[in-house]
file protein_24.cif (mmCIF, C-alpha atoms)
data_coords
loop_
_atom_site.label_atom_id
_atom_site.label_comp_id
_atom_site.auth_asym_id
_atom_site.auth_seq_id
_atom_site.Cartn_x
_atom_site.Cartn_y
_atom_site.Cartn_z
CA MET A 1 0.00 0.00 0.00
CA SER A 2 1.62 3.15 -1.10
CA HIS A 3 0.73 6.69 -0.10
CA PRO A 4 -1.64 8.25 -2.68
CA LEU A 5 0.57 11.33 -3.11
CA VAL A 6 3.84 9.49 -3.79
CA PRO A 7 3.34 10.02 -7.56
CA GLU A 8 3.15 13.78 -6.89
CA VAL A 9 6.51 13.68 -5.14
CA GLU A 10 7.97 11.62 -7.98
CA LYS A 11 6.63 14.06 -10.57
CA MET A 12 8.15 16.99 -8.76
CA VAL A 13 11.62 15.47 -8.47
CA LYS A 14 11.56 14.34 -12.11
CA ASN A 15 10.48 17.69 -13.49
CA ASN A 16 13.09 19.78 -11.69
CA ASP A 17 16.87 19.50 -11.69
CA VAL A 18 17.11 20.49 -8.04
CA VAL A 19 14.29 20.18 -5.50
CA ILE A 20 14.35 20.84 -1.78
CA PHE A 21 11.57 19.70 0.53
CA MET A 22 11.95 21.93 3.55
CA LYS A 23 10.27 23.77 6.39
CA GLY A 24 9.34 27.18 5.04
CA SER A 25 10.64 28.55 1.76
CA PRO A 26 14.14 29.38 0.48
CA GLU A 27 13.32 33.05 1.13
CA PHE A 28 11.89 32.34 4.60
CA PRO A 29 13.18 29.07 6.02
CA MET A 30 11.36 27.99 9.19
CA CYS A 31 14.11 25.76 10.54
CA GLY A 32 17.85 26.07 10.94
CA PHE A 33 18.60 22.86 9.06
CA SER A 34 16.48 23.93 6.12
CA ALA A 35 18.15 27.34 6.12
CA ARG A 36 21.58 25.70 6.12
CA ALA A 37 20.68 23.43 3.19
CA VAL A 38 19.41 26.42 1.19
CA SER A 39 22.63 28.33 1.78
CA VAL A 40 24.76 25.36 0.75
CA LEU A 41 22.79 25.08 -2.50
CA LYS A 42 23.25 28.80 -3.03
CA ALA A 43 26.99 28.48 -2.45
CA ALA A 44 27.02 25.75 -5.10
CA GLY A 45 25.35 28.12 -7.56
CA ILE A 46 21.70 27.11 -7.15
CA GLU A 47 20.07 30.43 -6.36
CA LYS A 48 16.46 29.35 -6.79
CA PRO A 49 15.88 25.64 -6.25
CA ALA A 50 12.39 24.28 -6.73
CA SER A 51 11.06 23.93 -3.21
CA PHE A 52 8.16 22.51 -1.30
CA ASP A 53 7.13 23.60 2.19
CA VAL A 54 6.22 20.45 4.14
CA LEU A 55 4.67 22.56 6.89
CA SER A 56 2.00 23.61 4.40
CA ASP A 57 0.91 20.08 3.55
CA ASP A 58 1.00 17.12 5.96
CA ASP A 59 -0.13 14.69 3.25
CA MET A 60 2.77 15.55 0.98
CA TRP A 61 5.12 15.30 3.97
CA GLY A 62 3.78 11.80 4.62
CA ALA A 63 4.23 10.86 0.97
CA LEU A 64 7.79 12.20 0.98
CA GLU A 65 8.69 10.16 4.09
CA GLU A 66 7.32 7.06 2.47
CA PHE A 67 9.07 7.73 -0.83
CA THR A 68 12.57 8.24 0.61
CA GLU A 69 12.21 6.36 3.91
CA TRP A 70 14.27 9.16 5.40
CA PRO A 71 12.96 10.51 8.70
CA THR A 72 14.04 14.14 8.63
CA VAL A 73 13.56 17.32 6.61
CA PRO A 74 15.11 19.01 4.60
CA GLN A 75 15.50 16.52 1.78
CA ILE A 76 17.31 17.44 -1.40
CA PHE A 77 16.95 15.81 -4.81
CA ILE A 78 19.27 16.36 -7.76
CA LYS A 79 18.23 15.16 -11.22
CA GLY A 80 15.57 12.92 -9.76
CA LYS A 81 17.87 11.30 -7.22
CA PHE A 82 17.55 11.64 -3.45
CA ILE A 83 20.81 13.11 -2.17
CA GLY A 84 20.24 13.63 1.54
CA GLY A 85 19.59 16.25 4.19
CA SER A 86 21.52 19.26 5.45
CA ASP A 87 24.49 17.31 6.88
CA ILE A 88 25.05 15.33 3.70
CA ILE A 89 24.65 18.30 1.39
CA MET A 90 27.15 20.28 3.48
CA GLU A 91 29.69 17.46 3.52
CA MET A 92 29.27 16.86 -0.22
CA TYR A 93 29.82 20.53 -0.85
CA GLU A 94 33.04 20.46 1.20
CA ARG A 95 34.26 17.44 -0.76
CA GLY A 96 33.34 19.03 -4.10
CA GLU A 97 30.89 16.21 -4.86
CA LEU A 98 27.84 18.44 -4.84
CA GLN A 99 29.29 20.72 -7.49
CA GLU A 100 30.16 17.63 -9.58
CA GLN A 101 26.62 16.28 -9.40
CA LEU A 102 25.13 19.62 -10.32
CA LYS A 103 27.39 19.85 -13.35
CA GLY A 104 27.17 16.28 -14.60
CA MET B 105 22.93 3.16 25.06
CA THR B 106 26.41 4.07 26.27
CA ALA B 107 29.10 5.51 24.04
CA ASP B 108 30.98 2.19 24.15
CA GLN B 109 27.85 0.24 23.20
CA LEU B 110 27.16 2.58 20.31
CA LYS B 111 30.75 2.43 19.12
CA GLY B 112 30.77 -1.36 19.42
CA ARG B 113 27.55 -1.73 17.48
CA ILE B 114 28.69 0.52 14.65
CA GLU B 115 31.99 -1.31 14.42
CA THR B 116 30.11 -4.52 13.61
CA LEU B 117 29.46 -2.96 10.18
CA HIS B 118 32.57 -4.50 8.69
CA PRO B 119 35.89 -5.78 10.06
CA GLY B 120 38.25 -2.86 10.53
CA THR B 121 35.50 -0.26 10.91
CA LEU B 122 36.45 2.61 13.20
CA ALA B 123 33.87 4.78 14.94
CA GLN B 124 34.38 7.82 17.09
CA VAL B 125 31.28 8.79 19.05
CA THR B 126 30.49 12.00 20.93
CA ASP B 127 27.58 12.45 23.29
CA LEU B 128 26.37 15.92 22.30
CA THR B 129 24.04 16.54 25.23
CA GLY B 130 25.32 14.25 27.99
CA THR B 131 22.02 12.35 27.85
CA GLN B 132 23.19 9.39 25.75
CA ASP B 133 20.58 9.99 23.06
CA HIS B 134 22.04 12.76 20.89
CA TRP B 135 25.14 11.53 19.17
CA GLN B 136 27.71 12.73 16.75
CA VAL B 137 29.56 9.90 15.05
CA THR B 138 32.49 9.74 12.67
CA ILE B 139 32.84 6.40 10.92
CA VAL B 140 35.53 5.04 8.64
CA SER B 141 34.61 1.73 7.03
CA GLN B 142 35.26 -0.40 4.00
CA ALA B 143 31.54 -1.20 4.12
CA PHE B 144 31.03 2.24 2.53
CA GLU B 145 33.03 1.52 -0.64
CA GLY B 146 31.13 2.41 -3.80
CA LYS B 147 28.18 3.88 -1.92
CA SER B 148 26.73 7.37 -2.01
CA MET B 149 26.67 9.28 1.25
CA ILE B 150 22.99 8.62 1.74
CA GLU B 151 23.55 4.89 1.22
CA GLN B 152 26.42 4.98 3.72
CA GLN B 153 24.20 6.63 6.31
CA ARG B 154 21.35 4.22 5.65
CA LEU B 155 23.70 1.33 6.40
CA VAL B 156 24.50 2.83 9.80
CA MET B 157 20.85 3.57 10.53
CA ALA B 158 19.96 -0.01 9.63
CA ILE B 159 22.20 -1.50 12.32
CA LEU B 160 20.74 0.95 14.87
CA LYS B 161 17.15 0.52 13.71
CA SER B 162 15.69 -0.77 16.98
CA GLU B 163 17.31 2.01 19.03
CA ILE B 164 16.19 4.67 16.55
CA ASP B 165 12.65 3.26 16.39
CA SER B 166 12.42 3.17 20.20
CA ASN B 167 13.86 6.71 20.35
CA GLU B 168 16.68 5.46 22.56
CA VAL B 169 18.84 7.08 19.90
CA HIS B 170 16.97 10.30 19.27
CA ALA B 171 19.45 12.21 17.13
CA LEU B 172 22.41 11.02 15.14
CA THR B 173 24.73 13.28 13.21
CA MET B 174 27.11 11.31 11.05
CA LYS B 175 30.20 11.76 9.01
CA THR B 176 30.96 8.68 6.97
CA TYR B 177 34.11 7.89 5.05
CA THR B 178 35.65 5.01 3.18
CA PRO B 179 39.34 4.66 4.17
CA ALA B 180 40.30 6.49 0.94
CA GLN B 181 37.78 9.26 1.56
CA TYR B 182 39.06 9.67 5.10
CA GLU B 183 42.59 9.99 3.80
CA LYS B 184 41.47 12.72 1.41
CA PHE B 185 38.73 14.57 3.29
CA GLY B 186 39.03 13.54 6.94
CA PRO B 187 39.98 16.03 9.64
CA LYS B 188 43.69 16.71 9.58
CA PRO B 189 45.60 16.58 12.86
#
call {"tool": "encode", "arguments": {"input": "protein_24.cif", "output": "structure tokens"}}
result
Amino acid sequence: MSHPLVPEVEKMVKNNDVVIFMKGSPEFPMCGFSARAVSVLKAAGIEKPASFDVLSDDDMWGALEEFTEWPTVPQIFIKGKFIGGSDIIMEMYERGELQEQLKG
Amino acid sequence: MTADQLKGRIETLHPGTLAQVTDLTGTQDHWQVTIVSQAFEGKSMIEQQRLVMAILKSEIDSNEVHALTMKTYTPAQYEKFGPKP
């Protein structure tokens, strides 16, 4: 039994090169981890990632959790692939891997 | 879960795995962990972290481990990107 909104999540991550599911928006993050992830993306040259505010929609949040089986937000997708949360994105940026993935 | 228990459990990942654990709050439920393991070879960072979460699943599910911040490295990645003394 899969969550009815999982296809919506899939559509969103397929149709956008970079997507961040977060608390709040890139302009007004509502959580420190989400804010940190947005600034890492910005540092890597992604000024305006597609974003979804999980606080605005519990159903989509539920679908996202089921889709990735990852318990925390933010969650970042690049080219349809789930990359991780704020720790992973930060570490990948420091290793230069994030920039590589955004290029490739 | 004590620091030694956590370290011991993580080091069951693969022979030769090294884990350094820090209790962030003194309450034995918020941990920062650095792990170097051959089990991580060929895996993305998210896959590496999922491996660690899998061996701690019961403690995470029961909330005995409430927060876990991880840095994961293969031996080669640690050589290249690990903290320098």
call {"tool": "interface_residues", "arguments": {"input": "protein_24.cif", "of": "chain A", "to": "chain B", "cutoff": "9 Å", "atoms": "only C-alpha atoms", "output": "PDB file with C-alpha atoms, keeping the file's coordinate frame"}}
result
ATOM      1  CA  TRP A  70      14.270   9.160   5.400  1.00  0.00           C
ATOM      2  CA  PHE A  82      17.550  11.640  -3.450  1.00  0.00           C
ATOM      3  CA  ILE A  83      20.810  13.110  -2.170  1.00  0.00           C
ATOM      4  CA  GLY A  84      20.240  13.630   1.540  1.00  0.00           C
ATOM      5  CA  GLY A  85      19.590  16.250   4.190  1.00  0.00           C
ATOM      6  CA  ASP A  87      24.490  17.310   6.880  1.00  0.00           C
ATOM      7  CA  ILE A  88      25.050  15.330   3.700  1.00  0.00           C
ATOM      8  CA  GLU A  91      29.690  17.460   3.520  1.00  0.00           C
ATOM      9  CA  MET A  92      29.270  16.860  -0.220  1.00  0.00           C
ATOM     10  CA  GLU A  94      33.040  20.460   1.200  1.00  0.00           C
ATOM     11  CA  ARG A  95      34.260  17.440  -0.760  1.00  0.00           C
TER      12      ARG A  95
END
call {"tool": "closest_residue", "arguments": {"input": "protein_24.cif", "among": "B:Asp165, B:Ala158, B:Ala123, B:Thr178", "to": "Gln136 (chain B)", "atoms": "only C-alpha atoms"}}
result
B:Ala123
call {"tool": "atom_distance", "arguments": {"input": "protein_24.cif", "atom1": "CA of Ser39 (chain A)", "atom2": "CA of Gly104 (chain A)"}}
result
20.8 Å
call {"tool": "resolve_selection", "arguments": {"input": "protein_24.cif", "expression": "the PyMOL selection byres ((chain B and resi 142) around 9)", "output": "mmCIF file with C-alpha atoms, in the coordinates of the input"}}
result
data_model
loop_
_atom_site.group_PDB
_atom_site.id
_atom_site.type_symbol
_atom_site.label_atom_id
_atom_site.label_comp_id
_atom_site.auth_asym_id
_atom_site.auth_seq_id
_atom_site.Cartn_x
_atom_site.Cartn_y
_atom_site.Cartn_z
ATOM 1 C CA LEU B 117 29.460 -2.960 10.180
ATOM 2 C CA HIS B 118 32.570 -4.500 8.690
ATOM 3 C CA PRO B 119 35.890 -5.780 10.060
ATOM 4 C CA GLY B 120 38.250 -2.860 10.530
ATOM 5 C CA THR B 121 35.500 -0.260 10.910
ATOM 6 C CA VAL B 140 35.530 5.040 8.640
ATOM 7 C CA SER B 141 34.610 1.730 7.030
ATOM 8 C CA ALA B 143 31.540 -1.200 4.120
ATOM 9 C CA PHE B 144 31.030 2.240 2.530
ATOM 10 C CA GLU B 145 33.030 1.520 -0.640
ATOM 11 C CA TYR B 177 34.110 7.890 5.050
ATOM 12 C CA THR B 178 35.650 5.010 3.180
ATOM 13 C CA PRO B 179 39.340 4.660 4.170
#
call {"tool": "residues_around", "arguments": {"input": "protein_24.cif", "residues": "Val169 (chain B)", "least_positions_apart": "3", "cutoff": "8 Å", "atoms": "all atoms listed in the file", "output": "ChimeraX atom specification"}}
result
/B:105,132-135,163-164,166,172
call {"tool": "atom_distance", "arguments": {"input": "protein_24.cif", "atom1": "CA of Ser2 (chain A)", "atom2": "CA of Lys81 (chain A)"}}
result
19.2 Å
call {"tool": "closest_residue", "arguments": {"input": "protein_24.cif", "among": "A:Ile89, A:Leu64, A:Ile76, A:Leu102", "to": "Glu8 (chain A)", "atoms": "all atoms listed in the file"}}
result
A:Leu64
call {"tool": "residues_around", "arguments": {"input": "protein_24.cif", "residues": "Gly24 (chain A)", "least_positions_apart": "5", "cutoff": "8 Å", "atoms": "all atoms listed in the file", "output": "number ranges by chain"}}
result
A: 29-31, 34, 52-55
call {"tool": "closest_residue", "arguments": {"input": "protein_24.cif", "among": "A:Phe67, A:Pro74, A:Phe21, A:Gln99", "to": "Gly45 (chain A)", "atoms": "only C-alpha atoms"}}
result
A:Gln99
call {"tool": "resolve_selection", "arguments": {"input": "protein_24.cif", "expression": "the PyMOL selection byres ((chain A and resi 16) around 12)", "output": "list of chain:residue names"}}
result
A:Val9, A:Glu10, A:Lys11, A:Met12, A:Val13, A:Lys14, A:Asn15, A:Asp17, A:Val18, A:Val19, A:Ile20, A:Lys48, A:Pro49, A:Ala50, A:Ser51, A:Phe52, A:Ile76, A:Phe77, A:Ile78, A:Lys79, A:Gly80, A:Lys81
call {"tool": "closest_residue", "arguments": {"input": "protein_24.cif", "among": "A:Ser86, A:Gln101, A:Val73, A:Trp61", "to": "Val6 (chain A)", "atoms": "only C-alpha atoms"}}
result
A:Trp61
call {"tool": "axis_aligned_box", "arguments": {"input": "protein_24.cif", "around": "region 32-43 of chain A", "padding_each_side": "5 Å", "output": "AutoDock Vina command-line options"}}
result
--center_x 21.7 --center_y 25.8 --center_z 4.0 --size_x 20.5 --size_y 15.9 --size_z 24.0
call {"tool": "atom_distance", "arguments": {"input": "protein_24.cif", "atom1": "CA of Val38 (chain A)", "atom2": "CA of Pro26 (chain A)"}}
result
6.1 Å
call {"tool": "closest_residue", "arguments": {"input": "protein_24.cif", "among": "A:Met60, A:His3, A:Glu27, A:Met90", "to": "Glu47 (chain A)", "atoms": "all atoms listed in the file"}}
result
A:Glu27
